[in-house]
file query-v9.tsv (TSV, C-alpha atoms and all ligand atoms)
chain	number	residue	atom	x	y	z
V	235	ALA	CA	101.97	83.21	113.19
V	236	THR	CA	99.95	80.77	111.14
V	237	LEU	CA	97.12	78.47	112.18
V	238	SER	CA	99.71	75.72	112.69
V	239	ASP	CA	101.50	77.89	115.29
V	240	PRO	CA	100.90	76.24	118.70
V	241	ARG	CA	99.94	79.66	120.10
V	242	CYS	CA	96.94	79.67	117.71
V	243	LYS	CA	95.59	76.36	118.97
V	244	GLY	CA	91.92	77.40	119.31
V	245	ARG	CA	89.11	76.92	116.82
V	246	PRO	CA	88.52	79.93	114.55
V	247	HIS	CA	85.06	81.53	114.66
V	248	PRO	CA	83.36	82.71	111.47
V	249	PHE	CA	84.15	86.34	110.58
V	250	GLY	CA	82.15	87.01	107.42
V	251	THR	CA	80.76	90.31	108.71
V	252	VAL	CA	83.29	92.77	110.08
V	253	GLY	CA	82.42	95.97	111.93
V	254	VAL	CA	84.93	98.83	111.68
V	255	ILE	CA	84.66	101.77	114.07
V	256	GLY	CA	86.22	104.97	112.80
V	257	GLY	CA	86.72	105.54	109.09
V	258	GLY	CA	89.85	107.71	109.18
V	259	THR	CA	93.29	106.76	107.84
V	260	MET	CA	93.30	103.30	109.40
V	261	GLY	CA	89.60	102.45	109.54
V	262	ALA	CA	89.14	103.20	105.83
V	263	GLY	CA	92.17	101.06	104.91
V	264	ILE	CA	91.04	98.20	107.17
V	265	ALA	CA	87.51	98.35	105.71
V	266	ALA	CA	88.93	98.28	102.17
V	267	ALA	CA	91.24	95.35	103.00
V	268	CYS	CA	88.27	93.37	104.35
V	269	LEU	CA	86.07	94.23	101.35
V	270	LEU	CA	88.81	93.27	98.88
V	271	SER	CA	89.01	89.90	100.69
V	272	GLY	CA	85.32	89.21	100.17
V	273	LEU	CA	84.09	90.13	103.67
V	274	THR	CA	81.06	92.29	104.48
V	275	VAL	CA	81.87	95.57	106.26
V	276	ILE	CA	79.69	97.69	108.54
V	277	LEU	CA	81.56	100.93	109.25
V	278	VAL	CA	80.52	103.23	112.11
V	279	GLU	CA	81.51	106.88	112.44
V	280	ARG	CA	80.72	109.66	114.93
V	281	ASP	CA	78.06	111.43	112.90
V	282	GLY	CA	76.42	111.47	109.48
V	283	GLU	CA	78.98	113.79	107.93
V	284	ALA	CA	81.93	111.68	109.15
V	285	ALA	CA	80.14	108.50	107.95
V	286	GLN	CA	79.75	110.07	104.50
V	287	ALA	CA	83.42	111.11	104.43
V	288	ALA	CA	84.48	107.60	105.51
V	289	HIS	CA	82.29	106.08	102.79
V	290	GLU	CA	84.02	108.24	100.20
V	291	ARG	CA	87.47	107.40	101.61
V	292	VAL	CA	86.81	103.65	101.35
V	293	SER	CA	85.26	104.03	97.88
V	294	SER	CA	88.28	105.89	96.62
V	295	ILE	CA	90.62	103.13	97.85
V	296	LEU	CA	88.44	100.56	96.07
V	297	ASP	CA	88.43	102.63	92.87
V	298	GLN	CA	92.21	102.91	93.10
V	299	SER	CA	92.42	99.10	93.51
V	300	ALA	CA	90.26	98.67	90.40
V	301	ARG	CA	92.51	101.07	88.44
V	302	ARG	CA	95.54	99.03	89.51
V	303	GLY	CA	93.88	95.81	88.39
V	304	ILE	CA	93.65	94.35	91.92
V	305	VAL	CA	89.91	93.87	91.34
V	306	ASP	CA	88.09	93.92	88.01
V	307	GLU	CA	85.28	96.38	87.29
V	308	THR	CA	82.48	93.82	87.84
V	309	MET	CA	83.87	92.86	91.22
V	310	ARG	CA	84.42	96.53	92.12
V	311	ALA	CA	80.74	97.22	91.44
V	312	ALA	CA	79.66	94.20	93.51
V	313	ILE	CA	81.77	95.21	96.52
V	314	GLY	CA	79.44	98.16	97.09
V	315	ASN	CA	76.68	95.75	98.13
V	316	ARG	CA	78.83	94.43	100.96
V	317	PHE	CA	79.68	97.85	102.39
V	318	SER	CA	77.70	100.32	104.46
V	319	ALA	CA	78.68	103.31	106.65
V	320	HIS	CA	76.55	104.45	109.60
V	321	ASP	CA	76.42	107.10	112.31
V	322	GLY	CA	75.08	104.74	115.00
V	323	TYR	CA	76.25	101.48	116.59
V	324	ALA	CA	73.03	99.44	116.21
V	325	PRO	CA	74.04	97.77	112.88
V	326	LEU	CA	77.05	96.23	114.68
V	327	SER	CA	74.68	93.67	116.22
V	328	ARG	CA	75.23	91.70	112.96
V	329	ALA	CA	79.05	91.75	113.17
V	330	ASP	CA	81.15	88.65	113.94
V	331	LEU	CA	84.29	90.70	114.48
V	332	VAL	CA	84.53	94.42	115.30
V	333	ILE	CA	87.76	96.37	114.78
V	334	GLU	CA	88.00	99.70	116.57
V	335	ALA	CA	90.16	102.34	114.81
V	336	ILE	CA	89.18	105.62	116.51
V	337	PHE	CA	91.36	108.30	118.09
V	338	GLU	CA	94.25	107.05	120.22
V	339	GLU	CA	92.72	108.12	123.56
V	340	MET	CA	92.18	105.55	126.32
V	341	ASP	CA	88.98	107.12	127.72
V	342	VAL	CA	87.37	107.36	124.29
V	343	LYS	CA	88.31	103.76	123.44
V	344	LYS	CA	87.02	102.50	126.79
V	345	ALA	CA	83.68	104.24	126.20
V	346	VAL	CA	83.41	102.66	122.75
V	347	PHE	CA	84.17	99.16	124.11
V	348	ALA	CA	81.56	99.62	126.85
V	349	THR	CA	79.04	100.47	124.13
V	350	LEU	CA	80.17	97.50	122.01
V	351	ASP	CA	79.54	95.25	125.00
V	352	THR	CA	75.86	96.22	124.89
V	353	VAL	CA	75.27	96.15	121.11
V	354	THR	CA	77.32	93.22	119.78
V	355	LYS	CA	76.54	89.49	119.80
V	356	ALA	CA	77.86	87.89	123.01
V	357	ASP	CA	80.42	85.86	121.06
V	358	ALA	CA	81.51	88.60	118.66
V	359	ILE	CA	85.24	89.28	118.78
V	360	LEU	CA	86.21	92.83	119.72
V	361	ALA	CA	89.55	94.06	118.43
V	362	THR	CA	91.42	97.31	118.87
V	363	ASN	CA	93.86	98.75	116.36
V	364	THR	CA	95.58	100.78	119.10
V	365	SER	CA	99.24	101.60	118.50
V	366	TYR	CA	100.37	102.08	122.09
V	367	LEU	CA	97.51	101.76	124.58
V	368	ASP	CA	97.21	98.89	127.06
V	369	VAL	CA	94.96	96.26	125.45
V	370	ASN	CA	94.41	94.59	128.87
V	371	ALA	CA	92.95	97.87	130.18
V	372	ILE	CA	90.67	98.16	127.13
V	373	ALA	CA	89.57	94.51	127.59
V	374	SER	CA	88.69	95.18	131.23
V	375	THR	CA	85.77	97.41	130.16
V	376	VAL	CA	83.96	94.42	128.63
V	377	ALA	CA	82.01	91.91	130.75
V	378	ASP	CA	83.79	89.02	128.97
V	379	PRO	CA	87.39	90.18	128.36
V	380	SER	CA	88.24	86.85	126.72
V	381	ARG	CA	86.75	88.17	123.47
V	382	VAL	CA	89.05	91.20	123.25
V	383	ILE	CA	92.29	91.19	121.23
V	384	GLY	CA	94.62	93.65	119.50
V	385	LEU	CA	94.76	93.72	115.69
V	386	HIS	CA	97.44	96.25	114.92
V	387	PHE	CA	97.53	97.15	111.23
V	388	PHE	CA	100.06	99.36	109.50
V	389	SER	CA	99.34	102.26	107.20
V	390	PRO	CA	98.13	102.02	104.45
V	391	ALA	CA	96.20	99.08	105.91
V	392	HIS	CA	94.95	97.76	102.55
V	393	ILE	CA	98.54	97.51	101.29
V	394	MET	CA	100.89	96.83	104.21
V	395	LYS	CA	101.38	93.10	104.73
V	396	LEU	CA	102.22	93.13	108.43
V	397	LEU	CA	99.53	92.56	111.05
V	398	GLU	CA	100.46	92.36	114.73
V	399	ILE	CA	98.10	90.23	116.78
V	400	VAL	CA	98.35	91.61	120.31
V	401	VAL	CA	97.51	88.93	122.85
V	402	PRO	CA	95.99	90.16	126.13
V	403	ASP	CA	96.24	88.13	129.36
V	404	ARG	CA	92.67	86.87	129.38
V	405	VAL	CA	92.01	86.30	125.68
V	406	ALA	CA	90.44	82.97	124.63
V	407	ASP	CA	92.42	80.56	122.40
V	408	ASP	CA	89.59	80.61	119.83
V	409	VAL	CA	89.91	84.38	119.57
V	410	VAL	CA	93.66	84.17	118.86
V	411	ALA	CA	93.00	81.44	116.27
V	412	THR	CA	90.30	83.60	114.66
V	413	ALA	CA	92.71	86.53	114.48
V	414	ALA	CA	95.26	84.31	112.71
V	415	ALA	CA	92.59	83.01	110.30
V	416	PHE	CA	91.44	86.59	109.65
V	417	ALA	CA	95.04	87.65	108.88
V	418	LYS	CA	95.35	84.75	106.45
V	419	ARG	CA	92.09	85.68	104.72
V	420	LEU	CA	93.43	89.24	104.28
V	421	ARG	CA	96.73	87.78	102.98
V	422	LYS	CA	98.64	89.52	105.76
V	423	THR	CA	101.75	88.32	107.55
V	424	ALA	CA	100.66	87.87	111.17
V	425	VAL	CA	102.99	88.06	114.14
V	426	LEU	CA	101.99	87.60	117.78
V	427	SER	CA	103.03	90.16	120.40
V	428	GLY	CA	102.39	90.38	124.10
V	429	VAL	CA	100.75	93.50	125.54
V	430	CYS	CA	103.79	95.73	125.91
V	431	ASP	CA	105.12	99.12	125.05
V	432	GLY	CA	104.79	99.70	121.29
V	433	PHE	CA	104.40	96.00	120.40
V	434	ILE	CA	107.05	94.86	117.89
V	435	ALA	CA	107.51	97.11	114.86
V	436	ASN	CA	106.75	100.50	116.47
V	437	ARG	CA	109.03	99.71	119.38
V	438	ILE	CA	111.98	99.05	117.09
V	439	MET	CA	110.90	102.02	114.98
V	440	SER	CA	110.93	104.41	117.92
V	441	ALA	CA	114.58	103.65	118.64
V	442	TYR	CA	115.38	104.18	114.94
V	443	ARG	CA	113.42	107.46	114.89
V	444	ARG	CA	115.10	108.73	118.04
V	445	GLU	CA	118.54	108.33	116.45
V	446	ALA	CA	117.33	110.00	113.23
V	447	ASP	CA	116.06	112.97	115.29
V	448	TYR	CA	119.47	113.31	116.95
V	449	LEU	CA	121.03	113.38	113.46
V	450	ILE	CA	118.85	116.37	112.49
V	451	GLU	CA	120.02	118.29	115.55
V	452	ASP	CA	123.57	117.19	114.77
V	453	GLY	CA	123.48	118.77	111.30
V	454	ALA	CA	121.82	116.47	108.71
V	455	LEU	CA	118.58	117.29	106.86
V	456	PRO	CA	115.62	114.83	106.78
V	457	ALA	CA	116.19	114.32	103.04
V	458	ASP	CA	119.85	113.38	103.72
V	459	VAL	CA	118.92	110.81	106.34
V	460	ASP	CA	116.17	109.34	104.13
V	461	ARG	CA	118.43	109.14	101.08
V	462	ALA	CA	121.22	107.52	103.10
V	463	MET	CA	118.92	104.85	104.53
V	464	ARG	CA	117.33	104.12	101.16
V	465	ASP	CA	120.72	103.66	99.54
V	466	PHE	CA	121.76	101.56	102.52
V	467	GLY	CA	118.95	99.12	101.65
V	468	PHE	CA	115.90	100.34	103.60
V	469	PRO	CA	112.83	100.60	101.32
V	470	MET	CA	111.92	104.03	102.67
V	471	GLY	CA	113.58	106.71	104.80
V	472	VAL	CA	112.44	107.25	108.38
V	473	PHE	CA	111.08	110.77	107.78
V	474	GLU	CA	109.16	109.84	104.60
V	475	MET	CA	107.70	106.92	106.50
V	476	GLN	CA	106.50	109.16	109.34
V	477	ASP	CA	104.83	111.50	106.83
V	478	LEU	CA	103.02	108.54	105.29
V	479	ALA	CA	101.82	107.16	108.63
V	480	GLY	CA	100.95	110.58	110.13
V	481	LEU	CA	102.92	112.43	112.82
V	482	ASP	CA	99.92	112.99	115.11
V	483	ILE	CA	99.80	109.51	116.67
V	484	ALA	CA	103.36	109.63	118.00
V	485	TRP	CA	102.79	113.26	119.08
V	486	ALA	CA	99.77	112.25	121.19
V	487	MET	CA	101.90	109.52	122.76
V	488	ARG	CA	104.75	111.94	123.55
V	489	LYS	CA	102.33	114.38	125.17
V	490	ARG	CA	100.88	111.59	127.29
V	491	ARG	CA	104.35	110.60	128.42
V	492	ALA	CA	105.68	114.14	128.96
V	493	ALA	CA	105.05	114.06	132.72
V	494	THR	CA	107.08	110.89	133.22
V	495	ARG	CA	109.91	111.71	130.83
V	496	ASP	CA	113.41	111.73	132.32
V	497	PRO	CA	114.46	115.42	132.27
V	498	ASN	CA	118.08	114.38	131.73
V	499	GLU	CA	117.24	112.44	128.57
V	500	ARG	CA	118.06	114.16	125.29
V	501	TYR	CA	114.78	115.29	123.74
V	502	VAL	CA	114.39	116.57	120.17
V	503	ALA	CA	111.32	118.80	119.84
V	504	ILE	CA	111.32	119.32	116.05
V	505	ALA	CA	108.49	116.83	115.38
V	506	ASP	CA	106.42	118.49	118.14
V	507	LYS	CA	106.90	121.88	116.45
V	508	LEU	CA	105.74	120.44	113.10
V	509	CYS	CA	102.63	119.01	114.76
V	510	GLU	CA	101.89	122.33	116.54
V	511	GLN	CA	101.71	123.86	113.05
V	512	GLY	CA	99.25	121.16	111.94
V	513	ARG	CA	101.92	119.44	109.85
V	514	PHE	CA	100.86	115.82	110.40
V	515	GLY	CA	102.34	114.44	107.18
V	516	ARG	CA	100.86	113.62	103.79
V	517	LYS	CA	97.27	113.75	105.04
V	518	THR	CA	97.62	117.48	105.84
V	519	GLY	CA	99.83	118.29	102.82
V	520	ALA	CA	102.98	118.77	104.93
V	521	GLY	CA	105.00	117.05	107.62
V	522	TRP	CA	108.76	116.65	107.48
V	523	TYR	CA	108.28	117.42	103.77
V	524	ARG	CA	105.80	119.61	101.95
V	525	TYR	CA	103.69	117.79	99.34
V	526	GLU	CA	102.66	119.14	95.99
V	527	ASP	CA	100.88	116.77	93.62
V	528	ALA	CA	101.65	114.00	96.14
V	529	LYS	CA	105.40	114.39	95.49
V	530	PRO	CA	107.61	115.42	98.38
V	531	VAL	CA	109.25	118.83	98.19
V	532	ALA	CA	112.29	118.89	100.51
V	533	ASP	CA	111.55	121.50	103.17
V	534	PRO	CA	114.31	121.77	105.73
U	601	LIG	P1	92.20	109.21	112.23
U	601	LIG	O1	92.16	110.44	113.05
U	601	LIG	O2	92.62	109.28	110.80
U	601	LIG	O3	90.76	108.50	112.26
U	601	LIG	C1	90.01	108.31	113.43
U	601	LIG	C2	88.56	108.27	113.04
U	601	LIG	O4	87.78	107.83	114.16
U	601	LIG	C3	88.01	109.63	112.63
U	601	LIG	O5	87.44	109.53	111.34
U	601	LIG	C4	86.96	109.93	113.70
U	601	LIG	O6	85.85	110.66	113.22
U	601	LIG	C5	86.57	108.54	114.17
U	601	LIG	N1	86.03	108.50	115.53
U	601	LIG	C6	86.51	109.10	116.63
U	601	LIG	N2	85.76	108.81	117.71
U	601	LIG	C7	84.78	107.97	117.26
U	601	LIG	C8	83.71	107.28	117.89
U	601	LIG	N3	83.47	107.41	119.20
U	601	LIG	N4	82.91	106.49	117.13
U	601	LIG	C9	83.14	106.34	115.81
U	601	LIG	N5	84.15	106.96	115.15
U	601	LIG	C10	84.96	107.76	115.87
U	601	LIG	O7	93.13	108.18	113.05
U	601	LIG	P2	93.96	106.93	112.53
U	601	LIG	O8	95.31	107.34	112.10
U	601	LIG	O9	93.10	106.18	111.57
U	601	LIG	O10	94.15	106.08	113.87
U	601	LIG	C11	93.11	105.34	114.42
U	601	LIG	C12	93.66	104.31	115.38
U	601	LIG	O11	94.55	103.45	114.69
U	601	LIG	C13	94.46	104.88	116.56
U	601	LIG	O12	94.24	104.10	117.68
U	601	LIG	C14	95.88	104.74	116.10
U	601	LIG	O13	96.79	104.65	117.17
U	601	LIG	C15	95.82	103.44	115.34
U	601	LIG	N6	96.85	103.23	114.33
U	601	LIG	C16	97.24	104.23	113.50
U	601	LIG	C17	98.21	104.00	112.55
U	601	LIG	C18	98.62	105.06	111.58
U	601	LIG	O14	99.63	104.86	110.90
U	601	LIG	N7	97.92	106.17	111.45
U	601	LIG	C19	98.86	102.69	112.41
U	601	LIG	C20	98.32	101.68	113.30
U	601	LIG	C21	97.39	101.97	114.24
call {"tool": "encode", "arguments": {"input": "query-v9.tsv", "output": "structure tokens", "more": "lines below"}}
Ligand code: NAI
result
Amino acid sequence: ATLSDPRCKGRPHPFGTVGVIGGGTMGAGIAAACLLSGLTVILVERDGEAAQAAHERVSSILDQSARRGIVDETMRAAIGNRFSAHDGYAPLSRADLVIEAIFEEMDVKKAVFATLDTVTKADAILATNTSYLDVNAIASTVADPSRVIGLHFFSPAHIMKLLEIVVPDRVADDVVATAAAFAKRLRKTAVLSGVCDGFIANRIMSAYRREADYLIEDGALPADVDRAMRDFGFPMGVFEMQDLAGLDIAWAMRKRRAATRDPNERYVAIADKLCEQGRFGRKTGAGWYRYEDAKPVADP
């Protein structure tokens, strides 16, 4: 979706100052992507300690970008002046666009959006990075739902090109156009999705993952499946990809859906068992693979 797409027919708002809520895996990557594109970022975390940790996470991505030559040293030093991390929401009153990237829990997100409604400028755009939750339901907690949209990034958010713009029922045309302009500024490839189960990429991915899980039960190892798919032309195997993204998000979704799952449907519980042991992927040092020195060690 580009600005010439008829679905982006509104007039983009300015978005020079971006608020990011939550500085974990996604929030830190989103903040870094914005900073590397010349935007100002106000990051908000739960408490002082988490704000400090988020600050360090973002700084380390920026340092890494400088080492890779994506920004030069002078620019790297200057970026610091456009970035701040806080443990309260008040600084978000200056934001043009706020992107929420906190835990994937509807009640927690709704509470955050209700707070945003009271602290942000009336015309600030409020976006959620939710992977699976109903963006219409999140929008309904705000007095003016027309300013709420989904901006679904992929991990690592400062590197992955894809950005899904999730279009709720009551969103204003200008807000969709701003999302498209924002994606362009970040040099992302934007696609538009309706509010639906899993949006585009994750929905396809879940069917792919389901089949890969069946293969494990049917006698292949994760490393076999990954190697086969890589040699077949996929850039990365399905299990490596899950370790990179983190297994916890999909686990939370499966737990939420457990009550409505068809008992006759084949269900593979291996990923649940990994998560029960705290094996959420690279970020915890183990997932489908164990990681030593950031290199996977096959661990059937
Ligand atoms: P994470 O657990 O790494 O980070 C969440 C952060 O939010 C934590 O640092 C936590 O302290 C903070 N937080 C929680 N409640 C807060 C509050 N009320 N105010 C301020 N900060 C708060 O989670 P992750 O992986 O970054 O996911 C965040 C969101 O992004 C979720 O909605 C997830 O579904 C979505 N997402 C995740 C992707 C992934 O690959 N991990 C990809 C795309 C979307």
call {"tool": "residues_near_ligand", "arguments": {"input": "query-v9.tsv", "ligand": "ligand LIG 601 (chain U)", "cutoff": "6 Å", "atoms": "all atoms listed in the file", "output": "list in words"}}
result
Ile255, Gly256, Gly257, Gly258, Thr259, Met260, Gly261, Val278, Glu279, Arg280, Ala284, Ala335, Ile336, Phe337, Glu338, Val346, Asn363, Thr364, Ser365, His386, Phe387, Phe388, Ser389, Ala479, Gly480 and Ile483 of chain V
call {"tool": "write_last_selection", "arguments": {"input": "query-v9.tsv", "atoms": "C-alpha atoms", "output": "mmCIF file, in the frame of the given file"}}
result
data_model
loop_
_atom_site.group_PDB
_atom_site.id
_atom_site.type_symbol
_atom_site.label_atom_id
_atom_site.label_comp_id
_atom_site.auth_asym_id
_atom_site.auth_seq_id
_atom_site.Cartn_x
_atom_site.Cartn_y
_atom_site.Cartn_z
ATOM 1 C CA ILE V 255 84.660 101.770 114.070
ATOM 2 C CA GLY V 256 86.220 104.970 112.800
ATOM 3 C CA GLY V 257 86.720 105.540 109.090
ATOM 4 C CA GLY V 258 89.850 107.710 109.180
ATOM 5 C CA THR V 259 93.290 106.760 107.840
ATOM 6 C CA MET V 260 93.300 103.300 109.400
ATOM 7 C CA GLY V 261 89.600 102.450 109.540
ATOM 8 C CA VAL V 278 80.520 103.230 112.110
ATOM 9 C CA GLU V 279 81.510 106.880 112.440
ATOM 10 C CA ARG V 280 80.720 109.660 114.930
ATOM 11 C CA ALA V 284 81.930 111.680 109.150
ATOM 12 C CA ALA V 335 90.160 102.340 114.810
ATOM 13 C CA ILE V 336 89.180 105.620 116.510
ATOM 14 C CA PHE V 337 91.360 108.300 118.090
ATOM 15 C CA GLU V 338 94.250 107.050 120.220
ATOM 16 C CA VAL V 346 83.410 102.660 122.750
ATOM 17 C CA ASN V 363 93.860 98.750 116.360
ATOM 18 C CA THR V 364 95.580 100.780 119.100
ATOM 19 C CA SER V 365 99.240 101.600 118.500
ATOM 20 C CA HIS V 386 97.440 96.250 114.920
ATOM 21 C CA PHE V 387 97.530 97.150 111.230
ATOM 22 C CA PHE V 388 100.060 99.360 109.500
ATOM 23 C CA SER V 389 99.340 102.260 107.200
ATOM 24 C CA ALA V 479 101.820 107.160 108.630
ATOM 25 C CA GLY V 480 100.950 110.580 110.130
ATOM 26 C CA ILE V 483 99.800 109.510 116.670
#
call {"tool": "atom_distance", "arguments": {"input": "query-v9.tsv", "atom1": "CA of Ala417 (chain V)", "atom2": "CA of Thr251 (chain V)"}}
result
14.5 Å
call {"tool": "closest_residue", "arguments": {"input": "query-v9.tsv", "among": "V:Leu296, V:Tyr448, V:Gly515, V:Met340", "to": "Glu499 (chain V)", "atoms": "only C-alpha atoms"}}
result
V:Tyr448
call {"tool": "residues_around", "arguments": {"input": "query-v9.tsv", "residues": "Arg516 (chain V)", "least_positions_apart": "6", "cutoff": "8 Å", "atoms": "only C-alpha atoms", "output": "list in words"}}
result
Asp477, Leu478, Gly480, Arg524, Tyr525 and Ala528 of chain V
call {"tool": "write_last_selection", "arguments": {"input": "query-v9.tsv", "atoms": "C-alpha atoms", "output": "PDB file, keeping the file's coordinate frame"}}
result
ATOM      1  CA  ASP V 477     104.830 111.500 106.830  1.00  0.00           C
ATOM      2  CA  LEU V 478     103.020 108.540 105.290  1.00  0.00           C
ATOM      3  CA  GLY V 480     100.950 110.580 110.130  1.00  0.00           C
ATOM      4  CA  ARG V 524     105.800 119.610 101.950  1.00  0.00           C
ATOM      5  CA  TYR V 525     103.690 117.790  99.340  1.00  0.00           C
ATOM      6  CA  ALA V 528     101.650 114.000  96.140  1.00  0.00           C
TER       7      ALA V 528
END
call {"tool": "residues_around", "arguments": {"input": "query-v9.tsv", "residues": "Asp408 (chain V)", "least_positions_apart": "5", "cutoff": "9 Å", "atoms": "all atoms listed in the file", "output": "number ranges by chain"}}
result
V: 242-247, 381, 413
call {"tool": "residues_around", "arguments": {"input": "query-v9.tsv", "residues": "Phe347 (chain V)", "least_positions_apart": "4", "cutoff": "9 Å", "atoms": "only C-alpha atoms", "output": "PyMOL selection string"}}
result
chain V and resi 334+342-343+351-352+360+372-373+375-376
call {"tool": "axis_aligned_box", "arguments": {"input": "query-v9.tsv", "around": "region 358-368 of chain V", "padding_each_side": "6 Å", "output": "JSON"}}
result
{"center_x": 90.9, "center_y": 95.3, "center_z": 121.7, "size_x": 30.9, "size_y": 25.5, "size_z": 22.7}
call {"tool": "closest_residue", "arguments": {"input": "query-v9.tsv", "among": "V:Leu385, V:Arg444, V:Arg301, V:Glu526", "to": "Ser427 (chain V)", "atoms": "all atoms listed in the file"}}
result
V:Leu385
call {"tool": "closest_atom_pairs", "arguments": {"input": "query-v9.tsv", "of": "region 342-459 of chain V", "to": "region 309-331 of chain V", "cutoff": "6 Å", "atoms": "all atoms listed in the file", "output": "Markdown table"}}
result
| residue | atom | partner | partner_atom | distance |
| --- | --- | --- | --- | --- |
| V:Val353 | CA | V:Ser327 | CA | 5.5 |
| V:Thr354 | CA | V:Ser327 | CA | 4.5 |
| V:Lys355 | CA | V:Ser327 | CA | 5.8 |
| V:Ala358 | CA | V:Asp330 | CA | 4.7 |
| V:Ile359 | CA | V:Leu331 | CA | 4.6 |
| V:Leu360 | CA | V:Leu331 | CA | 6.0 |
call {"tool": "residues_near_point", "arguments": {"input": "query-v9.tsv", "point": "(113.9, 108.2, 106.4)", "cutoff": "9 Å", "atoms": "all atoms listed in the file", "output": "count of residues only"}}
result
19
call {"tool": "atom_distance", "arguments": {"input": "query-v9.tsv", "atom1": "CA of Ile276 (chain V)", "atom2": "CA of Val401 (chain V)"}}
result
24.5 Å
call {"tool": "closest_residue", "arguments": {"input": "query-v9.tsv", "among": "V:Glu283, V:Asp506, V:Asp431, V:Glu307", "to": "Trp522 (chain V)", "atoms": "only C-alpha atoms"}}
result
V:Asp506
call {"tool": "atom_distance", "arguments": {"input": "query-v9.tsv", "atom1": "CA of Thr412 (chain V)", "atom2": "CA of Val292 (chain V)"}}
result
24.3 Å
call {"tool": "residues_around", "arguments": {"input": "query-v9.tsv", "residues": "region 421-425 of chain V", "least_positions_apart": "4", "cutoff": "12 Å", "atoms": "only C-alpha atoms", "output": "JSON, numbers by chain"}}
result
{"V": [235, 236, 237, 239, 241, 242, 264, 267, 268, 270, 271, 272, 384, 385, 386, 387, 388, 391, 392, 393, 394, 395, 396, 397, 398, 399, 400, 401, 410, 411, 412, 413, 414, 415, 416, 417, 433, 434, 435]}
